[in-house]
>>> print(open('protein.csv').read())   # CSV, C-alpha atoms
chain,number,residue,atom,x,y,z
A,1,MET,CA,306.7,-137.0,24.2
A,2,TYR,CA,309.7,-135.0,25.1
A,3,ARG,CA,312.6,-136.3,27.1
A,4,SER,CA,314.1,-133.4,29.0
A,5,SER,CA,317.0,-133.1,31.4
A,6,PHE,CA,318.2,-130.4,33.7
A,7,SER,CA,321.5,-128.8,32.8
A,8,PRO,CA,323.8,-128.6,35.8
A,9,ALA,CA,325.0,-125.2,34.6
A,10,LEU,CA,322.5,-122.7,36.2
A,11,VAL,CA,322.8,-119.0,35.6
A,12,LEU,CA,322.1,-117.3,39.0
A,13,GLN,CA,320.8,-113.7,38.9
A,14,ARG,CA,321.4,-111.3,41.8
A,15,THR,CA,318.6,-112.0,44.3
A,16,HIS,CA,317.9,-112.1,48.0
A,17,LEU,CA,317.7,-115.9,47.8
A,18,SER,CA,319.2,-117.6,50.9
A,19,VAL,CA,321.9,-120.2,49.9
A,20,SER,CA,321.6,-121.9,53.3
A,21,LYS,CA,318.0,-123.2,52.6
A,22,PRO,CA,317.0,-125.9,50.1
A,23,LEU,CA,315.0,-125.0,47.0
A,24,HIS,CA,311.9,-126.7,45.8
A,25,ILE,CA,310.6,-126.6,42.2
A,26,SER,CA,307.3,-124.7,42.1
A,27,SER,CA,306.4,-125.2,38.4
A,28,ILE,CA,307.8,-126.3,35.1
A,29,GLU,CA,306.6,-125.1,31.7
A,30,ILE,CA,307.9,-126.2,28.3
A,31,ILE,CA,308.4,-123.3,26.0
A,32,GLY,CA,308.5,-124.0,22.2
A,33,LYS,CA,308.8,-127.3,20.4
A,34,GLU,CA,312.5,-127.5,19.5
A,35,LYS,CA,314.6,-130.6,19.8
A,36,ARG,CA,315.9,-129.4,23.1
A,37,PRO,CA,313.0,-127.4,24.7
A,38,VAL,CA,313.7,-124.6,27.1
A,39,ILE,CA,312.2,-125.4,30.5
A,40,PRO,CA,311.8,-122.4,32.9
A,41,CYS,CA,311.6,-123.4,36.6
A,42,LYS,CA,310.1,-121.3,39.3
A,43,ALA,CA,311.7,-121.8,42.7
A,44,TYR,CA,310.9,-120.8,46.3
A,45,GLU,CA,312.8,-121.2,49.6
A,46,ALA,CA,312.0,-124.1,51.8
A,47,ASP,CA,310.3,-122.0,54.5
A,48,LYS,CA,308.2,-119.9,51.9
A,49,SER,CA,304.8,-120.8,50.6
A,50,GLN,CA,304.9,-119.1,47.3
A,51,PRO,CA,307.3,-118.3,44.4
A,52,LEU,CA,309.9,-115.6,44.9
A,53,GLU,CA,308.2,-113.4,42.2
A,54,ALA,CA,304.8,-113.5,43.9
A,55,ALA,CA,306.4,-112.8,47.3
A,56,ALA,CA,307.9,-109.6,45.8
A,57,GLU,CA,304.5,-108.5,44.6
A,58,VAL,CA,302.9,-108.9,48.0
A,59,LYS,CA,304.9,-106.0,49.5
A,60,PRO,CA,303.4,-103.3,47.3
A,61,GLU,CA,299.9,-104.7,47.8
A,62,THR,CA,300.4,-104.8,51.5
A,63,ALA,CA,301.7,-101.2,51.5
A,64,LYS,CA,298.7,-100.1,49.5
A,65,ARG,CA,296.3,-101.7,52.0
A,66,VAL,CA,298.1,-100.1,54.9
A,67,LYS,CA,297.9,-96.7,53.2
A,68,ILE,CA,294.2,-97.1,52.6
A,69,GLY,CA,293.7,-98.1,56.2
A,70,ILE,CA,295.5,-95.0,57.4
A,71,TYR,CA,293.3,-92.9,55.1
A,72,PHE,CA,290.1,-94.4,56.5
A,73,ALA,CA,291.2,-94.2,60.1
A,74,THR,CA,292.3,-90.5,59.7
A,75,TRP,CA,289.1,-89.7,57.8
A,76,TRP,CA,286.8,-91.2,60.5
A,77,ALA,CA,288.8,-89.7,63.4
A,78,LEU,CA,288.8,-86.2,61.8
A,79,ASN,CA,285.1,-86.4,61.1
A,80,VAL,CA,284.2,-87.5,64.7
A,81,VAL,CA,286.3,-84.6,66.1
A,82,PHE,CA,284.6,-82.1,63.7
A,83,ASN,CA,281.1,-83.2,64.6
A,84,ILE,CA,281.9,-82.9,68.3
A,85,TYR,CA,283.3,-79.4,68.1
A,86,ASN,CA,280.7,-78.3,65.6
A,87,LYS,CA,277.9,-79.3,67.9
A,88,LYS,CA,279.6,-77.6,70.9
A,89,VAL,CA,279.8,-74.4,68.9
A,90,LEU,CA,276.2,-74.6,67.6
A,91,ASN,CA,274.9,-75.2,71.2
A,92,ALA,CA,276.6,-72.1,72.4
A,93,TYR,CA,276.4,-70.0,69.2
A,94,PRO,CA,273.3,-71.0,67.2
A,95,TYR,CA,274.3,-69.3,63.9
A,96,PRO,CA,274.7,-72.1,61.4
A,97,TRP,CA,275.2,-69.8,58.4
A,98,LEU,CA,278.2,-68.1,59.9
A,99,THR,CA,279.8,-71.3,61.2
A,100,SER,CA,279.3,-72.9,57.7
A,101,THR,CA,281.0,-69.8,56.2
A,102,LEU,CA,283.9,-70.0,58.7
A,103,SER,CA,284.5,-73.6,57.9
A,104,LEU,CA,284.9,-72.9,54.2
A,105,ALA,CA,287.0,-69.7,54.9
A,106,CYS,CA,289.4,-71.6,57.1
A,107,GLY,CA,289.9,-74.4,54.6
A,108,SER,CA,290.4,-71.9,51.7
A,109,LEU,CA,293.0,-69.9,53.8
A,110,MET,CA,294.9,-73.1,54.7
A,111,MET,CA,295.2,-74.2,51.0
A,112,LEU,CA,296.2,-70.7,49.8
A,113,ILE,CA,299.0,-70.7,52.4
A,114,SER,CA,300.0,-74.3,51.3
A,115,TRP,CA,300.2,-73.2,47.7
A,116,ALA,CA,302.1,-70.0,48.5
A,117,THR,CA,304.7,-71.8,50.6
A,118,ARG,CA,304.9,-74.7,48.1
A,119,ILE,CA,303.9,-77.2,50.7
A,120,ALA,CA,301.3,-78.3,48.1
A,121,GLU,CA,301.5,-77.8,44.4
A,122,ALA,CA,299.0,-75.3,43.1
A,123,PRO,CA,296.6,-76.7,40.5
A,124,LYS,CA,296.6,-75.5,36.9
A,125,THR,CA,293.1,-74.4,36.1
A,126,ASP,CA,291.4,-72.4,33.4
A,127,PHE,CA,288.0,-70.7,33.0
A,128,GLU,CA,286.5,-73.9,31.7
A,129,PHE,CA,287.5,-75.7,35.0
A,130,TRP,CA,285.8,-73.1,37.2
A,131,LYS,CA,282.7,-73.1,34.9
A,132,THR,CA,282.2,-76.8,35.3
A,133,LEU,CA,282.9,-76.5,39.0
A,134,PHE,CA,280.3,-73.8,39.6
A,135,PRO,CA,277.2,-76.1,39.8
A,136,VAL,CA,279.1,-78.5,42.0
A,137,ALA,CA,280.0,-75.6,44.3
A,138,VAL,CA,276.3,-74.5,44.5
A,139,ALA,CA,275.1,-78.0,45.4
A,140,HIS,CA,278.0,-78.3,47.9
A,141,THR,CA,277.1,-75.0,49.6
A,142,ILE,CA,273.4,-75.9,49.9
A,143,GLY,CA,274.3,-79.4,51.3
A,144,HIS,CA,276.8,-78.0,53.8
A,145,VAL,CA,274.6,-75.2,55.1
A,146,ALA,CA,271.5,-77.5,55.3
A,147,ALA,CA,273.5,-80.1,57.3
A,148,THR,CA,274.8,-77.4,59.7
A,149,VAL,CA,271.3,-76.0,60.2
A,150,SER,CA,270.1,-79.5,61.0
A,151,MET,CA,272.8,-80.1,63.6
A,152,SER,CA,271.9,-76.8,65.2
A,153,LYS,CA,268.3,-78.0,65.8
A,154,VAL,CA,268.7,-81.7,66.6
A,155,ALA,CA,271.2,-84.2,67.9
A,156,VAL,CA,274.2,-85.1,65.8
A,157,SER,CA,273.2,-88.7,65.8
A,158,PHE,CA,269.7,-87.9,64.4
A,159,THR,CA,271.2,-85.8,61.6
A,160,HIS,CA,273.5,-88.6,60.5
A,161,ILE,CA,270.8,-91.2,60.8
A,162,ILE,CA,268.7,-89.2,58.3
A,163,LYS,CA,271.7,-88.5,56.1
A,164,SER,CA,272.2,-92.3,55.8
A,165,GLY,CA,269.2,-92.1,53.5
A,166,GLU,CA,271.2,-90.4,50.8
A,167,PRO,CA,271.2,-93.5,48.5
A,168,ALA,CA,267.5,-93.3,48.2
A,169,PHE,CA,267.7,-89.8,46.9
A,170,SER,CA,270.5,-90.8,44.6
A,171,VAL,CA,268.5,-93.6,43.0
A,172,LEU,CA,265.4,-91.4,42.8
A,173,VAL,CA,267.2,-88.5,41.1
A,174,SER,CA,269.2,-90.8,38.8
A,175,ARG,CA,266.1,-92.6,37.7
A,176,LEU,CA,263.7,-89.7,37.2
A,177,LEU,CA,266.1,-87.0,35.8
A,178,LEU,CA,268.9,-89.1,34.2
A,179,GLY,CA,266.8,-92.1,33.1
A,180,GLU,CA,269.3,-94.5,34.7
A,181,THR,CA,268.1,-98.0,35.5
A,182,PHE,CA,269.3,-100.2,38.4
A,183,PRO,CA,269.1,-103.9,39.2
A,184,PRO,CA,266.4,-105.1,41.5
A,185,ALA,CA,268.8,-105.6,44.4
A,186,VAL,CA,269.4,-101.8,44.4
A,187,TYR,CA,265.7,-101.0,44.7
A,188,LEU,CA,265.3,-103.7,47.4
A,189,SER,CA,268.1,-102.1,49.5
A,190,LEU,CA,266.2,-98.9,49.6
A,191,VAL,CA,263.4,-100.5,51.7
A,192,PRO,CA,265.5,-100.9,54.9
A,193,ILE,CA,267.1,-97.4,54.3
A,194,ILE,CA,263.7,-95.6,54.0
A,195,GLY,CA,262.1,-97.8,56.7
A,196,GLY,CA,265.0,-97.4,59.1
A,197,CYS,CA,265.1,-93.6,58.7
A,198,ALA,CA,261.3,-93.3,59.1
A,199,LEU,CA,261.4,-95.4,62.3
A,200,ALA,CA,264.3,-93.4,63.7
A,201,ALA,CA,262.5,-90.1,62.9
A,202,VAL,CA,259.1,-91.2,64.4
A,203,THR,CA,260.7,-92.4,67.6
A,204,GLU,CA,263.2,-89.4,68.0
A,205,LEU,CA,262.7,-87.9,71.5
A,206,ASN,CA,263.8,-84.4,70.5
A,207,PHE,CA,262.4,-84.3,67.0
A,208,ASN,CA,262.5,-81.0,65.2
A,209,MET,CA,261.0,-80.4,61.7
A,210,THR,CA,263.7,-77.8,60.8
A,211,GLY,CA,266.4,-80.2,61.8
A,212,PHE,CA,264.8,-83.1,59.9
A,213,MET,CA,264.2,-81.0,56.7
A,214,GLY,CA,267.8,-79.7,56.9
A,215,ALA,CA,269.2,-83.2,56.8
A,216,MET,CA,266.8,-84.2,53.9
A,217,ILE,CA,267.8,-81.1,51.9
A,218,SER,CA,271.4,-81.9,52.5
A,219,ASN,CA,270.9,-85.4,51.1
A,220,LEU,CA,269.3,-84.1,48.0
A,221,ALA,CA,272.0,-81.4,47.5
A,222,PHE,CA,274.9,-83.8,47.9
A,223,VAL,CA,273.3,-86.1,45.3
A,224,PHE,CA,273.2,-83.3,42.8
A,225,ARG,CA,276.8,-82.4,43.8
A,226,ASN,CA,278.0,-85.9,42.9
A,227,ILE,CA,276.1,-85.9,39.6
A,228,PHE,CA,277.5,-82.5,38.6
A,229,SER,CA,280.9,-83.6,39.7
A,230,LYS,CA,280.9,-86.8,37.6
A,231,LYS,CA,279.5,-85.0,34.5
A,232,GLY,CA,281.7,-81.9,34.7
A,233,MET,CA,285.0,-83.2,35.9
A,234,LYS,CA,285.6,-86.0,33.3
A,235,GLY,CA,289.1,-85.7,31.9
A,236,LYS,CA,290.2,-83.1,34.4
A,237,SER,CA,293.7,-83.7,35.9
A,238,VAL,CA,293.3,-82.0,39.3
A,239,SER,CA,294.2,-84.0,42.4
A,240,GLY,CA,291.5,-84.8,45.0
A,241,MET,CA,293.1,-82.4,47.5
A,242,ASN,CA,293.3,-79.5,45.1
A,243,TYR,CA,289.8,-80.2,43.7
A,244,TYR,CA,288.3,-79.9,47.2
A,245,ALA,CA,290.3,-76.7,47.8
A,246,CYS,CA,289.0,-75.1,44.7
A,247,LEU,CA,285.5,-76.3,45.6
A,248,SER,CA,285.8,-74.7,49.1
A,249,MET,CA,286.9,-71.3,47.7
A,250,LEU,CA,284.1,-71.1,45.1
A,251,SER,CA,281.5,-72.2,47.8
A,252,LEU,CA,282.8,-69.5,50.1
A,253,LEU,CA,282.2,-66.9,47.5
A,254,ILE,CA,278.7,-68.2,46.9
A,255,LEU,CA,277.8,-68.5,50.6
A,256,THR,CA,279.1,-65.3,52.1
A,257,PRO,CA,276.5,-62.9,50.8
A,258,PHE,CA,273.7,-65.2,51.7
A,259,ALA,CA,275.1,-65.7,55.3
A,260,ILE,CA,275.2,-61.9,55.7
A,261,ALA,CA,271.6,-61.5,54.4
A,262,VAL,CA,270.1,-64.3,56.5
A,263,GLU,CA,271.9,-63.7,59.9
A,264,GLY,CA,274.0,-60.6,59.6
A,265,PRO,CA,276.9,-59.0,61.6
A,266,GLN,CA,274.6,-57.6,64.4
A,267,LEU,CA,273.3,-61.0,65.4
A,268,TRP,CA,276.8,-62.5,65.1
A,269,ALA,CA,278.4,-59.9,67.3
A,270,ALA,CA,275.7,-60.1,70.0
A,271,GLY,CA,275.8,-63.9,69.9
A,272,TRP,CA,279.6,-63.9,70.1
A,273,GLU,CA,279.7,-61.8,73.2
A,274,LYS,CA,277.1,-64.0,74.9
A,275,ALA,CA,279.0,-67.2,74.0
A,276,LEU,CA,282.3,-65.8,75.3
A,277,SER,CA,280.6,-64.7,78.6
A,278,GLU,CA,279.0,-68.1,79.1
A,279,ILE,CA,281.8,-70.4,77.8
A,280,GLY,CA,285.0,-68.4,78.2
A,281,PRO,CA,288.0,-68.1,75.9
A,282,GLN,CA,287.9,-71.8,75.0
A,283,PHE,CA,284.9,-71.0,72.8
A,284,VAL,CA,287.3,-69.4,70.4
A,285,TRP,CA,289.2,-72.7,70.3
A,286,TRP,CA,286.0,-74.6,69.6
A,287,VAL,CA,285.2,-72.4,66.6
A,288,ALA,CA,288.8,-72.7,65.2
A,289,ALA,CA,288.8,-76.5,65.8
A,290,GLN,CA,285.4,-77.1,64.0
A,291,SER,CA,286.6,-75.0,61.1
A,292,ILE,CA,290.0,-76.7,60.8
A,293,PHE,CA,288.7,-80.2,61.2
A,294,TYR,CA,285.9,-79.7,58.7
A,295,HIS,CA,288.4,-78.9,56.0
A,296,LEU,CA,290.8,-81.7,57.0
A,297,TYR,CA,288.2,-84.5,57.1
A,298,ASN,CA,286.8,-83.5,53.7
A,299,GLN,CA,290.3,-83.1,52.2
A,300,VAL,CA,291.3,-86.6,53.4
A,301,SER,CA,288.1,-88.0,52.0
A,302,TYR,CA,288.8,-86.5,48.6
A,303,MET,CA,292.4,-87.7,48.7
A,304,SER,CA,291.2,-91.2,49.5
A,305,LEU,CA,289.1,-91.2,46.4
A,306,ASP,CA,292.3,-91.0,44.4
A,307,GLN,CA,293.4,-94.3,45.9
A,308,ILE,CA,290.2,-96.5,46.2
A,309,SER,CA,287.2,-97.5,44.2
A,310,PRO,CA,283.8,-95.7,44.6
A,311,LEU,CA,282.4,-98.9,46.2
A,312,THR,CA,285.2,-99.0,48.9
A,313,PHE,CA,284.6,-95.3,49.5
A,314,SER,CA,280.9,-95.9,49.9
A,315,ILE,CA,281.4,-98.6,52.5
A,316,GLY,CA,283.9,-96.4,54.3
A,317,ASN,CA,281.4,-93.6,54.4
A,318,THR,CA,278.9,-95.9,56.0
A,319,MET,CA,281.3,-97.0,58.6
A,320,LYS,CA,282.2,-93.4,59.2
A,321,ARG,CA,278.6,-92.5,59.9
A,322,ILE,CA,278.4,-95.3,62.4
A,323,SER,CA,281.4,-94.0,64.3
A,324,VAL,CA,280.0,-90.5,64.4
A,325,ILE,CA,276.6,-91.6,65.6
A,326,VAL,CA,278.0,-93.8,68.4
A,327,SER,CA,280.6,-91.3,69.5
A,328,SER,CA,278.2,-88.4,69.6
A,329,ILE,CA,275.7,-90.4,71.6
A,330,ILE,CA,278.4,-91.2,74.2
A,331,ILE,CA,279.9,-87.7,74.4
A,332,PHE,CA,276.7,-85.7,74.5
A,333,HIS,CA,274.7,-88.3,76.5
A,334,THR,CA,272.0,-88.3,73.9
A,335,PRO,CA,268.9,-90.3,75.1
A,336,VAL,CA,268.2,-93.1,72.7
A,337,GLN,CA,265.2,-95.5,72.9
A,338,PRO,CA,265.8,-99.1,71.8
A,339,ILE,CA,263.3,-98.8,68.9
A,340,ASN,CA,265.2,-95.6,67.8
A,341,ALA,CA,268.5,-97.4,67.8
A,342,LEU,CA,266.9,-100.2,65.9
A,343,GLY,CA,265.7,-97.8,63.2
A,344,ALA,CA,269.2,-96.4,62.9
A,345,ALA,CA,270.7,-99.9,62.6
A,346,ILE,CA,268.3,-100.9,59.9
A,347,ALA,CA,269.0,-97.7,57.9
A,348,ILE,CA,272.7,-98.1,58.1
A,349,LEU,CA,272.4,-101.8,57.2
A,350,GLY,CA,270.4,-100.8,54.1
A,351,THR,CA,273.1,-98.3,53.2
A,352,PHE,CA,275.7,-101.1,53.3
A,353,LEU,CA,273.5,-103.4,51.2
A,354,TYR,CA,273.0,-100.6,48.7
A,355,SER,CA,276.8,-100.2,48.2
A,356,GLN,CA,277.1,-104.0,47.7
A,357,ALA,CA,274.2,-104.1,45.2
A,358,LYS,CA,275.7,-101.3,43.1
A,359,ALA,CA,279.1,-103.1,42.9
>>> encode(input="protein.csv", output="structure tokens")
Amino acid sequence: MYRSSFSPALVLQRTHLSVSKPLHISSIEIIGKEKRPVIPCKAYEADKSQPLEAAAEVKPETAKRVKIGIYFATWWALNVVFNIYNKKVLNAYPYPWLTSTLSLACGSLMMLISWATRIAEAPKTDFEFWKTLFPVAVAHTIGHVAATVSMSKVAVSFTHIIKSGEPAFSVLVSRLLLGETFPPAVYLSLVPIIGGCALAAVTELNFNMTGFMGAMISNLAFVFRNIFSKKGMKGKSVSGMNYYACLSMLSLLILTPFAIAVEGPQLWAAGWEKALSEIGPQFVWWVAAQSIFYHLYNQVSYMSLDQISPLTFSIGNTMKRISVIVSSIIIFHTPVQPINALGAAIAILGTFLYSQAKA
């Protein structure tokens, strides 16, 4: 056994330690096996519950959690505002292909101005980057338009209830096309997702097949977007904000000719005059708001991916959907039957269980 003694000569380093409070020994470790072993001591102040080193580490961790909380709160708030204005616009101006195009155009313009004025640093891209981004942009464009078409035909809440079934499409596509296997818990979590969505669809008072199919196509398109994004963007050093900006610009180029072919300037002009005469000048604000908030909520969601794990993001996305469903029901006075609400709750619970099973 070693006999050890404490030397009265202690070398004090510069620290924020209070000299007016007694110190307690937190731990003692013997280092080495010399005749006079070196014994480091960890100390903490009398009114603290952990060593000084650990206390210093808490601050960065707390700051990170606060930052993530701000990201989530901003993401949810922007998404709720977008969905409200988007539905207002579509109710008065039922041209989803144009409104989808304006959303992408607005975001692209905002980012070009940010890069030109050096508010944000422009990304360094090459031909290979845009080549790998192209299939992602195609899937993003289809998903965006399909979701907007859905919202033009049915209630916002119904669209988001159906869109909560996206994990089922993700597992199906990954299993059949990529050959991926999942643990039993993942497959079991799909039961409440599919059952809840089916129950909500069957009991929807204002059911519309176009709206239902739009939400389903959007789910499938966004699953392919995520797959293409994971496979194509490995090793790319573009920030989440700039990645989404490039995605918006490429999607805008893809969507514009199709929007002109499907709806066209003549329908847009006639609908615009009708909306202005019925709503007034505030209709212009509605269009601007839905375009701006669409870009902002997506931008914040991609920025948050730089800070959090995919699991945390998935849980946050589930909570976001709940906030959108509840707020839209309240604002638009959407009639909801108890069994319809039950179906929505089951589907969302299944989405949460899915994110936990994949952890």
>>> atom_distance(input="protein.csv", atom1="CA of Ser164 (chain A)", atom2="CA of Ser150 (chain A)")
14.0 Å
>>> atom_distance(input="protein.csv", atom1="CA of Val300 (chain A)", atom2="CA of Glu166 (chain A)")
20.6 Å
>>> atom_distance(input="protein.csv", atom1="CA of Ile68 (chain A)", atom2="CA of Val326 (chain A)")
22.9 Å
>>> closest_residue(input="protein.csv", among="A:Leu102, A:Ile346, A:Val80, A:Ile70", to="Met303 (chain A)", atoms="only C-alpha atoms")
A:Ile70
>>> residues_around(input="protein.csv", residues="Ala289 (chain A)", least_positions_apart="2", cutoff="12 Å", atoms="all atoms listed in the file", output="JSON, numbers by chain")
{"A": [78, 79, 80, 81, 82, 83, 84, 85, 86, 87, 88, 89, 99, 102, 103, 106, 107, 282, 283, 284, 285, 286, 287, 291, 292, 293, 294, 295, 296, 297]}
>>> residues_near_point(input="protein.csv", point="(261.8, -88.6, 69.5)", cutoff="10 Å", atoms="only C-alpha atoms", output="JSON, numbers by chain")
{"A": [158, 199, 200, 201, 202, 203, 204, 205, 206, 207, 208, 335, 336, 337, 340]}
